[in-house]
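Here's my_file.txt, which has compact mmCIF, C-alpha atoms:
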# COMPACT_ATOMS: atom_id res chain seq x y z
CA MET A 1 24.36 9.43 4.25
CA ARG A 2 21.79 6.87 5.35
CA PRO A 3 21.20 4.01 2.92
CA ALA A 4 17.86 4.44 1.18
CA VAL A 5 16.03 1.27 2.17
CA CYS A 6 12.58 0.44 3.43
CA LEU A 7 12.79 0.38 7.24
CA PHE A 8 9.62 -0.63 9.05
CA VAL A 9 9.94 -2.07 12.56
CA THR A 10 7.07 -3.71 14.42
CA LEU A 11 5.65 -2.13 17.58
CA ALA A 12 3.12 -4.09 19.61
CA VAL A 13 -0.01 -1.98 19.95
CA THR A 14 -3.70 -2.63 20.45
CA PRO A 15 -5.84 -2.31 17.29
CA PHE A 16 -8.50 0.39 17.49
CA VAL A 17 -10.98 -1.38 15.21
CA ALA A 18 -12.38 -4.92 15.07
CA PHE A 19 -12.39 -7.16 12.02
CA ALA A 20 -13.63 -10.53 10.88
CA GLN A 21 -11.24 -13.38 11.58
CA ASP A 22 -12.12 -15.73 8.74
CA GLY A 23 -10.36 -13.94 5.90
CA THR A 24 -13.62 -12.70 4.38
CA ASP A 25 -13.46 -9.00 5.17
CA VAL A 26 -15.57 -8.25 2.12
CA PRO A 27 -19.21 -7.14 2.09
CA ARG A 28 -21.59 -10.06 1.84
CA GLN A 29 -24.43 -9.76 -0.64
CA ALA A 30 -27.77 -11.52 -0.68
CA GLY A 31 -28.13 -14.77 -2.59
CA GLY A 32 -25.59 -16.67 -4.68
CA ALA A 33 -23.51 -13.59 -5.51
CA GLY A 34 -22.69 -13.10 -1.84
CA LYS A 35 -21.62 -16.73 -1.45
CA ASP A 36 -19.43 -16.49 -4.54
CA LEU A 37 -17.81 -13.32 -3.23
CA ALA A 38 -17.12 -14.79 0.21
CA GLY A 39 -15.84 -18.02 -1.31
CA ARG A 40 -13.49 -16.17 -3.62
CA ALA A 41 -12.18 -14.12 -0.69
CA LYS A 42 -11.44 -17.27 1.35
CA SER A 43 -9.71 -18.94 -1.58
CA ARG A 44 -7.59 -15.89 -2.31
CA ALA A 45 -6.69 -15.40 1.34
CA ALA A 46 -5.55 -19.02 1.68
CA ALA A 47 -3.40 -18.88 -1.45
CA LEU A 48 -1.83 -15.54 -0.52
CA ARG A 49 -1.17 -16.56 3.07
CA ASN A 50 0.49 -19.80 1.98
CA PHE A 51 2.77 -17.84 -0.34
CA ALA A 52 3.56 -15.19 2.30
CA TYR A 53 4.39 -17.74 4.98
CA SER A 54 6.62 -19.68 2.59
CA TRP A 55 8.61 -16.48 1.91
CA ARG A 56 8.50 -15.04 5.44
CA GLY A 57 11.98 -14.16 6.68
CA THR A 58 13.49 -13.76 3.21
CA PRO A 59 15.93 -10.82 3.54
CA TYR A 60 15.21 -7.45 2.00
CA ALA A 61 17.44 -6.45 -0.91
CA TRP A 62 16.74 -3.38 -2.99
CA GLY A 63 16.35 -4.51 -6.59
CA GLY A 64 16.27 -8.16 -5.46
CA THR A 65 13.89 -10.69 -6.98
CA THR A 66 14.89 -14.03 -5.40
CA ARG A 67 14.91 -15.82 -2.05
CA ASP A 68 18.44 -14.53 -1.53
CA GLY A 69 16.92 -11.05 -1.21
CA ILE A 70 13.87 -9.24 -2.55
CA ASP A 71 12.38 -5.75 -2.41
CA CYS A 72 8.74 -4.73 -1.93
CA SER A 73 7.73 -4.42 -5.59
CA GLY A 74 9.71 -7.52 -6.54
CA PHE A 75 7.95 -9.51 -3.81
CA LEU A 76 4.55 -8.35 -5.02
CA ARG A 77 5.42 -9.23 -8.61
CA GLU A 78 6.62 -12.71 -7.64
CA MET A 79 3.52 -13.29 -5.49
CA PHE A 80 1.03 -12.49 -8.24
CA ARG A 81 3.08 -14.31 -10.89
CA THR A 82 3.28 -17.49 -8.79
CA VAL A 83 -0.17 -17.54 -7.21
CA TYR A 84 -2.36 -16.10 -9.98
CA ASN A 85 -0.24 -16.16 -13.15
CA VAL A 86 -0.74 -12.40 -13.29
CA GLU A 87 2.21 -10.36 -14.55
CA LEU A 88 2.72 -6.96 -12.89
CA PRO A 89 5.23 -4.21 -13.73
CA ARG A 90 8.54 -4.20 -11.85
CA THR A 91 8.28 -1.03 -9.76
CA THR A 92 5.79 0.66 -7.46
CA HIS A 93 5.81 3.66 -9.83
CA ASP A 94 4.15 1.51 -12.50
CA GLN A 95 2.23 -0.96 -10.31
CA ILE A 96 0.21 1.85 -8.75
CA ASN A 97 -1.28 2.76 -12.14
CA MET A 98 -3.10 -0.56 -12.53
CA GLY A 99 -6.35 -1.95 -11.19
CA THR A 100 -9.47 -0.37 -9.75
CA GLU A 101 -9.58 1.99 -6.81
CA VAL A 102 -10.00 0.71 -3.26
CA ARG A 103 -11.25 3.49 -1.01
CA VAL A 104 -9.84 3.64 2.51
CA GLN A 105 -12.17 4.78 5.29
CA PRO A 106 -10.05 5.48 8.40
CA SER A 107 -13.05 5.24 10.72
CA THR A 108 -13.86 1.72 9.48
CA LEU A 109 -10.41 0.66 8.34
CA GLY A 110 -10.61 -2.63 6.43
CA LYS A 111 -14.27 -2.46 5.45
CA GLY A 112 -14.59 -3.59 1.84
CA PHE A 113 -11.00 -4.85 1.58
CA GLU A 114 -10.50 -8.09 -0.33
CA PRO A 115 -7.51 -10.43 -0.06
CA GLY A 116 -5.11 -9.43 -2.83
CA ASP A 117 -5.82 -5.70 -2.55
CA LEU A 118 -2.68 -3.57 -2.75
CA PHE A 119 -1.85 -0.48 -0.71
CA PHE A 120 0.92 1.84 -1.85
CA TYR A 121 2.70 4.28 0.44
CA VAL A 122 3.01 7.76 -1.04
CA ASP A 123 5.52 10.32 0.26
CA SER A 124 5.08 14.08 0.72
CA THR A 125 6.10 14.71 -2.91
CA GLY A 126 3.36 12.40 -4.19
CA THR A 127 5.80 9.63 -5.13
CA PRO A 128 4.80 6.00 -4.44
CA ASN A 129 7.65 4.24 -2.62
CA HIS A 130 6.36 1.03 -1.02
CA VAL A 131 3.59 -1.54 -1.45
CA VAL A 132 1.88 -3.96 0.94
CA THR A 133 -0.66 -6.69 0.09
CA TYR A 134 -3.78 -7.48 2.13
CA ILE A 135 -4.04 -11.24 2.77
CA GLY A 136 -7.22 -11.38 4.87
CA GLN A 137 -7.80 -11.69 8.63
CA GLY A 138 -6.62 -8.13 9.15
CA GLU A 139 -3.09 -8.91 7.94
CA PHE A 140 -0.71 -7.64 5.27
CA THR A 141 2.50 -8.96 3.77
CA HIS A 142 5.42 -7.06 2.26
CA SER A 143 9.21 -6.98 2.04
CA ALA A 144 10.46 -4.26 4.38
CA GLY A 145 13.96 -2.87 4.71
CA GLY A 146 15.72 -4.15 7.80
CA ARG A 147 13.17 -6.94 8.27
CA GLY A 148 12.66 -8.68 4.95
CA VAL A 149 9.37 -10.42 4.14
CA VAL A 150 6.96 -9.98 7.03
CA ILE A 151 3.31 -10.53 7.88
CA GLU A 152 1.76 -7.90 10.14
CA GLY A 153 -1.51 -6.29 11.14
CA TRP A 154 -3.12 -2.90 10.65
CA ARG A 155 0.02 -1.03 11.70
CA ALA A 156 1.10 -1.59 8.09
CA LEU A 157 -1.28 1.27 7.15
CA TRP A 158 -1.29 3.43 10.29
CA GLY A 159 0.21 6.88 9.94
CA ARG A 160 0.68 6.50 6.20
CA LYS A 161 -0.56 8.26 3.11
CA VAL A 162 -1.82 5.37 0.98
CA VAL A 163 -3.41 4.53 -2.35
CA GLY A 164 -5.52 1.36 -2.63
CA ARG A 165 -5.66 -0.75 -5.78
CA ARG A 166 -7.49 -3.98 -6.72
CA VAL A 167 -5.87 -5.79 -9.64
CA LEU A 168 -7.56 -9.17 -9.16
CA VAL A 169 -10.79 -8.55 -11.06
CA PRO A 170 -13.06 -11.51 -11.96
CA ALA A 171 -13.51 -12.27 -15.65
CA ARG A 172 -16.77 -10.89 -17.06
CA ASP A 173 -17.97 -14.32 -18.13
CA GLY A 174 -18.12 -15.39 -14.47
CA ALA A 175 -15.26 -17.86 -14.82
CA ALA A 176 -12.90 -18.50 -11.96
CA SER A 177 -10.02 -16.89 -13.87
CA GLU A 178 -9.12 -13.24 -13.44
CA GLY A 179 -10.02 -10.64 -16.02
CA ALA A 180 -7.70 -8.15 -17.67
CA ILE A 181 -6.19 -5.59 -15.29
CA PRO A 182 -7.50 -2.11 -16.14
CA SER A 183 -5.29 0.96 -16.17
CA LEU A 184 -6.08 3.60 -13.59
CA ALA A 185 -4.45 7.01 -13.18
CA PRO A 186 -4.02 9.48 -11.61
CA PHE A 187 -4.13 8.36 -8.00
CA ARG A 188 -5.46 10.15 -4.91
CA PRO A 189 -3.60 9.38 -1.68
CA GLN A 190 -5.59 9.06 1.54
CA GLU A 191 -4.23 9.67 5.04
CA VAL A 192 -4.63 6.84 7.55
CA PRO A 193 -4.33 8.36 11.03
CA CYS A 194 -2.44 6.79 13.88
CA PRO A 195 -4.64 5.11 16.52
CA PRO A 196 -5.46 7.40 19.45
CA ASP A 197 -4.05 4.88 21.93
CA ILE A 198 -0.51 5.27 20.59
CA ARG A 199 0.91 8.04 22.77
CA ALA A 200 4.39 9.02 23.82
CA SER A 201 5.12 8.01 27.40
CA PRO A 202 5.35 10.85 29.98
CA ASP A 203 8.91 9.77 30.82
CA GLU A 204 9.89 9.96 27.18
CA VAL A 205 8.37 13.43 26.79
CA ARG A 206 10.14 14.72 29.90
CA ARG A 207 13.46 13.28 28.78
CA TYR A 208 13.41 14.78 25.31
CA LYS A 209 12.34 18.23 26.43
CA ASN A 210 15.89 18.71 27.65
CA GLN A 211 17.91 15.89 26.06
CA PRO A 212 18.77 15.78 22.36
CA ILE A 213 17.53 12.73 20.47
CA GLY A 214 20.42 10.71 19.07
CA ASP A 215 18.95 8.48 16.38
CA ALA A 216 15.31 9.50 15.90
CA SER A 217 14.63 6.43 13.77
CA GLN A 218 14.96 4.30 16.93
CA ILE A 219 12.14 6.06 18.80
CA GLY A 220 9.41 3.55 19.61
CA GLY A 221 11.37 0.80 17.93
CA GLY A 222 11.34 2.71 14.64
CA GLU A 223 7.53 2.70 14.36
CA LEU A 224 6.14 5.70 12.50
CA CYS A 225 3.19 6.41 14.81
CA ALA A 226 5.44 6.31 17.90
CA MET A 227 7.66 8.98 16.36
CA LYS A 228 4.65 11.10 15.42
CA SER A 229 3.17 10.91 18.91
CA LEU A 230 6.43 12.10 20.50
CA MET A 231 6.80 14.88 17.94
CA ILE A 232 3.28 16.16 18.68
CA ALA A 233 3.86 15.99 22.45
CA LEU A 234 7.09 18.00 22.18
CA GLN A 235 5.65 20.70 19.92
CA ALA A 236 4.13 22.54 22.90
CA ALA A 237 7.42 22.64 24.80
CA PRO A 238 9.19 26.03 24.52
CA ASP A 239 12.67 24.63 25.16
CA ALA A 240 15.16 24.97 22.31
CA VAL A 241 16.25 21.35 22.74
CA ALA A 242 12.64 20.16 22.49
CA GLN A 243 12.08 22.14 19.31
CA ALA A 244 15.29 20.76 17.82
CA ASN A 245 14.00 17.28 18.61
CA VAL A 246 10.70 18.10 16.90
CA ALA A 247 12.60 19.14 13.78
CA LYS A 248 14.69 15.96 13.88
CA LEU A 249 11.63 13.74 14.28
CA LYS A 250 9.86 15.50 11.42
CA LEU A 251 12.84 14.99 9.12
CA THR A 252 13.11 11.34 10.13
CA ILE A 253 9.42 10.73 9.44
CA GLU A 254 9.78 12.28 6.00
CA TRP A 255 12.88 10.18 5.41
CA LEU A 256 11.00 7.01 6.33
CA ARG A 257 8.15 7.96 4.00
CA SER A 258 10.40 8.49 0.98
CA LEU A 259 13.03 5.77 1.30
CA GLU A 260 12.66 3.93 -1.98
CA ALA A 261 11.40 6.84 -4.07
CA GLY A 262 14.89 8.23 -4.65
CA ARG A 263 16.32 4.83 -5.48
CA GLU A 264 13.90 4.21 -8.30
CA THR A 265 14.27 7.81 -9.49
CA PHE A 266 18.05 7.62 -9.65
CA ASN A 267 18.19 4.04 -10.92
CA PRO A 268 16.00 3.94 -14.02
CA SER A 269 17.28 0.47 -14.92
CA LEU A 270 14.73 -0.92 -12.45
CA ARG A 271 11.85 0.72 -14.30
CA ARG A 272 11.23 -1.96 -16.85

Full structure transcribed into structure tokens:
Amino acid sequence: MRPAVCLFVTLAVTPFVAFAQDGTDVPRQAGGAGKDLAGRAKSRAAALRNFAYSWRGTPYAWGGTTRDGIDCSGFLREMFRTVYNVELPRTTHDQINMGTEVRVQPSTLGKGFEPGDLFFYVDSTGTPNHVVTYIGQGEFTHSAGGRGVVIEGWRALWGRKVVGRRVLVPARDGAASEGAIPSLAPFRPQEVPCPPDIRASPDEVRRYKNQPIGDASQIGGGELCAMKSLMIALQAAPDAVAQANVAKLKLTIEWLRSLEAGRETFNPSLRR
């Protein structure tokens, strides 16, 4: 049986939307309120990016909480504890029920995001199983199985069913400190489609119409959208081998989308 770990491998692709490059991807308002909002975004982005870069390359370890190895929810917890003195629950199952909702608009992906916003992956059963943090400039950080702590672009959301949360809420008195984190449940996952420019290569489609796929998780370097594009391209092929490959790709995609869910379900000691 495959080990149940987060496995997310980078694939170089061209973004299909444009974003601000100064870490202030938040809507500007007129007057002083707009300046305060932009200033807060820059400050948060700088603090989060410094933390992420200082941890980048730390190995992934399910249940880990230190520089010897850390998992996605443990990394998020350590980040907010260190940078903002904000204490979060230990697991994605509990972290997702905090904060205010951040709506995700696929056609304008990133609009309204603030540094520090969290995005949880949700599998086909509705179980949250991974979390990434937006750090401004169109980038996210997280601890991913097989890669450890990474910083990457919009591919962190592509092809995923996600739930957005904002737990860094300014105090009502206008002070620089953060206010209390509200509870928020239930959640409503949103699908983020793969970019239209990620397509299976013609050679790859021809090959797998007649040749069984060995390890489907290696298609496109293990990138979810690459697997989806090949699966869609093969669906029209009548060959039995092609259809078997479609079934294998579908199972692999579901496996990738539910890696950590089972671990937290079967290991309740983490849920503290």

Atom-to-atom span, atom CA of A:Thr100 and atom CA of A:Leu184, Å: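 Separation between atom CA of A:Thr100 and atom CA of A:Leu184: 6.5 Å.
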
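For the residues A:Val122, A:Ala240, A:Pro115, A:Val149, ranking by smallest atom-to-atom distance to A:Thr66 using all atoms listed in the file places A:Val149 first.
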
Interatomic distance (Å, one decimal) between atom CA of A:Glu139 and atom CA of A:Glu152: 5.4 Å

Pairwise distance for atom CA of A:Thr125 and atom CA of A:Asn245, rounded to one decimal in Å: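 Spanning atom CA of A:Thr125 to atom CA of A:Asn245 is a straight-line distance of 23.1 Å.
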
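Ranking A:Val131, A:Leu251, A:Leu48, A:Leu109 by their shortest atom-to-atom distance to A:Gly74, with all atoms listed in the file included, puts A:Val131 first.
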